[in-house]
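Single-structure report; data block below.
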Amino acid sequence: MTAVLLYGAPAPGLVEVPAGAVQVSPLMPGSQDLAAIADGSVDAATVLAPGGTVERDYVLAQALRVLRPGGSLLAFAPKDKGGGRLRKALEGFGCAVSEDARRHHRFCRAARPAEPRDVDAAIAAGAPRRVPALGAWSQPGVFSWDRLDPGSARLIELLPALKGQGADLGCGVGLLAARVLASPEVTALACVDIDRRAVACAEHNLDDPRATIRWADVRQMDEVGLDFVVMNPPFHDGGTEDRDLGVAFIGAAARMLRKGGVCWLVANRHLPYEAPLAAAFAKAEVRADAGGYKIIEARK
Ligand SMILES: C[S@@+](CC[C@H](N)C(=O)[O-])C[C@H]1O[C@@H](n2cnc3c(N)ncnc32)[C@H](O)[C@@H]1O
């Protein structure tokens, strides 16, 4: 029996998690997969509930599935990111909830009922599936999970045929990577994302021996000598705007490229990437600027 599970990043000062708790966040490479944990095998679970309704209900339902009857659940979330709706969500599963508020968060405690309601339906609603609008596998909670992001669409449209060995940094479910692999002169493509769910979908979507798909943090990669990098860099970390993350992606791309190697990226117009691009690359040129997005070609 697993003693305690922790879903989501640790929140020291907000919740105390016993030493030895098993980490199950999809955004922490190396942690366990909540969906793979056996029914009724857990004594207690602490869940930082995601903000999206379908994703949140999926995670709460999975937590109730893995808890033993009577096992304790603590679910919490920032007030402005779904915390105010947590109690109702848990009551919908048949839980008797006690709630308190502290430091802009809501905390809901419940014992797992003997027969929680509607758990299977919530798990089915949040599970990976083929999304017809994308023509690809995806899952609620993954970046732009059920529609092609307009920035990625722009980059896909304008990307020239690339050659040699490259990487797609923050590959998501692999839509940009599929476009890269359409070039027969691409010999290898490392597709990397920090989201396990995206990586699992990319494995379905990129059935190509030239693609290797990795669940990893781009900031910790040590590849070098690549011919090209493509990316739609994230600028949110855990739902909060974090421009440093995009800047870290630019630095990582530059480190991974050989001299003369090329990086194609798309960025929201308002993001000030000119200075970090100028610092990391020999040359960076805006190839298109429309619809709120810039497509940039940077050469090392
Ligand atoms: C703007 S999305 C682009 C996704 C995909 N390339 C597309 O075009 O649809 C950025 C992606 O970066 C991933 N990501 C965020 N931080 C990361 C990190 N530190 N390392 C690797 N991937 C990261 C996110 O999970 C997300 O899938």
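Identifiers in this document derive from the order of the structure tokens: chains are assigned A, B, ..., residues are numbered from 1 separately in each chain, and ligands are numbered from 1 in order of occurrence.
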Which residues of chain A sit at most 6 Å from ligand 1, using only C-alpha atoms and all ligand atoms? Give each one's shortest atom pair and distance in Å (one decimal place), in chain and ascending residue order, as JSON lines.
{"residue": "A:Phe143", "atom": "CA", "partner": "ligand 1", "partner_atom_place_in_ligand_line": "27 (O)", "distance": 5.1}
{"residue": "A:Asp149", "atom": "CA", "partner": "ligand 1", "partner_atom_place_in_ligand_line": "9 (O)", "distance": 5.9}
{"residue": "A:Ser152", "atom": "CA", "partner": "ligand 1", "partner_atom_place_in_ligand_line": "8 (O)", "distance": 4.4}
{"residue": "A:Gly170", "atom": "CA", "partner": "ligand 1", "partner_atom_place_in_ligand_line": "12 (O)", "distance": 3.4}
{"residue": "A:Cys171", "atom": "CA", "partner": "ligand 1", "partner_atom_place_in_ligand_line": "6 (N)", "distance": 3.8}
{"residue": "A:Gly172", "atom": "CA", "partner": "ligand 1", "partner_atom_place_in_ligand_line": "27 (O)", "distance": 3.6}
{"residue": "A:Leu175", "atom": "CA", "partner": "ligand 1", "partner_atom_place_in_ligand_line": "9 (O)", "distance": 5.9}
{"residue": "A:Leu176", "atom": "CA", "partner": "ligand 1", "partner_atom_place_in_ligand_line": "8 (O)", "distance": 5.4}
{"residue": "A:Val192", "atom": "CA", "partner": "ligand 1", "partner_atom_place_in_ligand_line": "21 (C)", "distance": 5.9}
{"residue": "A:Asp193", "atom": "CA", "partner": "ligand 1", "partner_atom_place_in_ligand_line": "22 (N)", "distance": 3.6}
{"residue": "A:Ile194", "atom": "CA", "partner": "ligand 1", "partner_atom_place_in_ligand_line": "22 (N)", "distance": 4.0}
{"residue": "A:Asp195", "atom": "CA", "partner": "ligand 1", "partner_atom_place_in_ligand_line": "25 (O)", "distance": 4.7}
{"residue": "A:Ala216", "atom": "CA", "partner": "ligand 1", "partner_atom_place_in_ligand_line": "21 (C)", "distance": 5.8}
{"residue": "A:Asp217", "atom": "CA", "partner": "ligand 1", "partner_atom_place_in_ligand_line": "20 (N)", "distance": 3.5}
{"residue": "A:Val218", "atom": "CA", "partner": "ligand 1", "partner_atom_place_in_ligand_line": "20 (N)", "distance": 3.9}
{"residue": "A:Arg219", "atom": "CA", "partner": "ligand 1", "partner_atom_place_in_ligand_line": "19 (N)", "distance": 5.7}
{"residue": "A:Met231", "atom": "CA", "partner": "ligand 1", "partner_atom_place_in_ligand_line": "6 (N)", "distance": 5.9}
{"residue": "A:Asn232", "atom": "CA", "partner": "ligand 1", "partner_atom_place_in_ligand_line": "3 (C)", "distance": 4.8}
{"residue": "A:Pro233", "atom": "CA", "partner": "ligand 1", "partner_atom_place_in_ligand_line": "10 (C)", "distance": 5.1}
{"residue": "A:Pro234", "atom": "CA", "partner": "ligand 1", "partner_atom_place_in_ligand_line": "10 (C)", "distance": 4.1}
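DSSP, applied to the backbone of this structure, assigns strand (DSSP E) to the following residues of region 244-298 of chain A: Leu257, Arg258, Lys259, Gly260, Gly261, Val262, Cys263, Trp264, Leu265, Val266, Ala267, Asn268, Lys283, Ala284, Glu285, Val286, Arg287, Ala288, Asp289, Ala290, Tyr293, Lys294, Ile295, Ile296, Glu297 and Ala298 of chain A.
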Those residues with N, CA and C atoms, as a compact mmCIF listing (two decimals), in the first residue's frame please?
# COMPACT_ATOMS: atom_id res chain seq x y z
N LEU A 257 22.49 24.09 -30.69
CA LEU A 257 22.77 24.19 -32.13
C LEU A 257 24.26 24.21 -32.42
N ARG A 258 24.64 23.69 -33.58
CA ARG A 258 26.02 23.86 -34.07
C ARG A 258 26.14 25.28 -34.61
N LYS A 259 27.38 25.73 -34.83
CA LYS A 259 27.58 27.06 -35.43
C LYS A 259 26.93 27.05 -36.82
N GLY A 260 26.13 28.03 -37.14
CA GLY A 260 25.42 28.07 -38.43
C GLY A 260 24.07 27.38 -38.37
N GLY A 261 23.78 26.67 -37.27
CA GLY A 261 22.48 26.00 -37.12
C GLY A 261 21.37 27.03 -36.97
N VAL A 262 20.13 26.60 -37.27
CA VAL A 262 19.03 27.56 -37.33
C VAL A 262 17.94 27.22 -36.31
N CYS A 263 17.37 28.27 -35.73
CA CYS A 263 16.23 28.10 -34.83
C CYS A 263 15.04 28.86 -35.42
N TRP A 264 13.94 28.14 -35.62
CA TRP A 264 12.68 28.77 -36.04
C TRP A 264 11.76 28.79 -34.84
N LEU A 265 11.26 29.98 -34.50
CA LEU A 265 10.34 30.04 -33.37
C LEU A 265 9.20 31.00 -33.63
N VAL A 266 8.11 30.76 -32.91
CA VAL A 266 6.99 31.70 -32.96
C VAL A 266 6.83 32.27 -31.56
N ALA A 267 6.51 33.57 -31.52
CA ALA A 267 6.33 34.21 -30.21
C ALA A 267 5.19 35.21 -30.30
N ASN A 268 4.46 35.34 -29.21
CA ASN A 268 3.45 36.41 -29.15
C ASN A 268 4.18 37.73 -29.32
N LYS A 283 22.54 36.02 -35.61
CA LYS A 283 21.60 36.82 -36.39
C LYS A 283 20.18 36.34 -36.09
N ALA A 284 19.25 37.27 -35.93
CA ALA A 284 17.84 36.86 -35.73
C ALA A 284 16.96 37.79 -36.55
N GLU A 285 16.11 37.20 -37.40
CA GLU A 285 15.27 38.03 -38.26
C GLU A 285 13.80 37.62 -38.14
N VAL A 286 12.94 38.65 -38.10
CA VAL A 286 11.50 38.39 -38.08
C VAL A 286 11.07 38.08 -39.51
N ARG A 287 10.54 36.88 -39.73
CA ARG A 287 10.14 36.47 -41.09
C ARG A 287 8.68 36.77 -41.37
N ALA A 288 7.89 36.93 -40.32
CA ALA A 288 6.48 37.30 -40.49
C ALA A 288 6.01 37.91 -39.18
N ASP A 289 5.10 38.88 -39.29
CA ASP A 289 4.58 39.55 -38.10
C ASP A 289 3.12 39.88 -38.39
N ALA A 290 2.23 39.01 -37.96
CA ALA A 290 0.81 39.21 -38.25
C ALA A 290 -0.02 38.44 -37.24
N TYR A 293 1.39 37.47 -33.78
CA TYR A 293 2.54 36.55 -33.64
C TYR A 293 3.69 36.98 -34.54
N LYS A 294 4.90 36.73 -34.03
CA LYS A 294 6.11 36.93 -34.84
C LYS A 294 6.71 35.56 -35.12
N ILE A 295 7.11 35.35 -36.35
CA ILE A 295 7.87 34.14 -36.69
C ILE A 295 9.31 34.59 -36.88
N ILE A 296 10.20 33.98 -36.14
CA ILE A 296 11.60 34.43 -36.13
C ILE A 296 12.51 33.30 -36.59
N GLU A 297 13.47 33.66 -37.45
CA GLU A 297 14.53 32.73 -37.84
C GLU A 297 15.82 33.26 -37.22
N ALA A 298 16.44 32.45 -36.38
CA ALA A 298 17.67 32.89 -35.71
C ALA A 298 18.79 31.92 -36.08
Checklist entry - If we count only C-alpha atoms, what is near Trp137 (chain A) at a cut-off of 9 Å, once residues fewer than 2 positions away on the same chain are taken out, given as a ChimeraX atom specification? => result /A:128-132,134-135,139,173,198,200-202,204-205
Checklist entry - Which parts of region 47-152 of chain A does DSSP call helix (DSSP H, G or I) when run on the backbone here, written out as a PyMOL selection string? => result chain A and resi 53-66+79-81+83-92+119-125+150-152
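Distance check against Glu203 (chain A) using only C-alpha atoms: of A:Gly174, A:Gly225, A:Gly151, A:Val142, the minimum falls on A:Gly174.
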Checklist entry - If we count only C-alpha atoms, what is near Pro113 (chain A) at a cut-off of 12 Å, once residues fewer than 3 positions away on the same chain are taken out, given as a ChimeraX atom specification? => result /A:40,61,64-65,67-73,90-97,110,116-117,119
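Candidate residues A:Ala279, A:Pro50, A:Gly291, A:Asp120 were compared for distance to Arg154 (chain A), and the nearest is A:Gly291, using only C-alpha atoms.
Taking CA of Ala9 (chain A) and CA of Phe249 (chain A) as the two end points, the separation is 21.1 Å.
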Give me the region 96-133 of chain A side of the contact with region 77-87 of chain A, cut-off 6 Å, one line per residue showing its nearest atom pair and distance in Å at one decimal, counting only C-alpha atoms, sorted by chain and residue number, as a Markdown table.
| residue | atom | partner | partner_atom | distance |
| --- | --- | --- | --- | --- |
| A:His104 | CA | A:Lys79 | CA | 5.6 |
| A:His105 | CA | A:Pro78 | CA | 4.1 |
| A:Arg106 | CA | A:Gly83 | CA | 5.1 |
Written file, previous selection with C-alpha atoms, as a JSON list (two decimals), in the first residue's frame:
[["chain", "number", "residue", "atom", "x", "y", "z"],
["A", 104, "HIS", "CA", -5.60, 32.99, -1.04],
["A", 105, "HIS", "CA", -6.24, 29.26, -1.28],
["A", 106, "ARG", "CA", -9.21, 27.01, -0.51]]
Could you pull the residues within 7 Å of Ala167 (chain A), counting only C-alpha atoms, minus those fewer than 3 positions along the same chain, as a JSON list (two decimals) with N, CA and C atoms, in the first residue's frame?
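Result file result-v7.json:
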[["chain", "number", "residue", "atom", "x", "y", "z"],
["A", 189, "LEU", "N", 14.82, 13.76, -35.07],
["A", 189, "LEU", "CA", 14.13, 14.85, -34.38],
["A", 189, "LEU", "C", 13.87, 14.45, -32.93],
["A", 190, "ALA", "N", 14.49, 15.21, -32.00],
["A", 190, "ALA", "CA", 14.23, 14.97, -30.57],
["A", 190, "ALA", "C", 13.04, 15.85, -30.17],
["A", 191, "CYS", "N", 11.98, 15.21, -29.70],
["A", 191, "CYS", "CA", 10.77, 15.95, -29.31],
["A", 191, "CYS", "C", 10.70, 15.90, -27.79],
["A", 228, "PHE", "N", 19.15, 22.11, -36.45],
["A", 228, "PHE", "CA", 18.01, 23.03, -36.32],
["A", 228, "PHE", "C", 17.24, 22.76, -35.02],
["A", 229, "VAL", "N", 16.53, 23.80, -34.60],
["A", 229, "VAL", "CA", 15.58, 23.70, -33.49],
["A", 229, "VAL", "C", 14.30, 24.39, -33.93],
["A", 230, "VAL", "N", 13.15, 23.83, -33.60],
["A", 230, "VAL", "CA", 11.88, 24.54, -33.80],
["A", 230, "VAL", "C", 11.20, 24.65, -32.44]]
Next on the checklist: Under the rule that only C-alpha atoms are counted, which of A:Ala211, A:Leu148, A:Met221, A:Ala254 is the nearest residue to Ala136 (chain A)?
Outcome noted: A:Leu148
Item to check | Contacts of Gly141 (chain A) at 12 Å (only C-alpha atoms; same-chain gap of 6+ positions) as a list of chain:residue names | outcome: A:Pro26, A:Leu27, A:Ala49, A:Pro50, A:Gly51, A:Gly52, A:Thr53, A:Val54, A:Glu55, A:Arg56, A:Asp57, A:Tyr58, A:Val59, A:Ala125, A:Gly126, A:Ala127, A:Pro128, A:Gly172, A:Val173, A:Asp195, A:Arg196, A:Arg197, A:Ala198, A:Gly238, A:Gly239
Next on the checklist: Env of Pro272 (chain A): 10 Å cut, atoms = only C-alpha atoms, seq-sep filter 5 positions within chain, self excluded. Answer as a count of residues only.
Outcome noted: 5
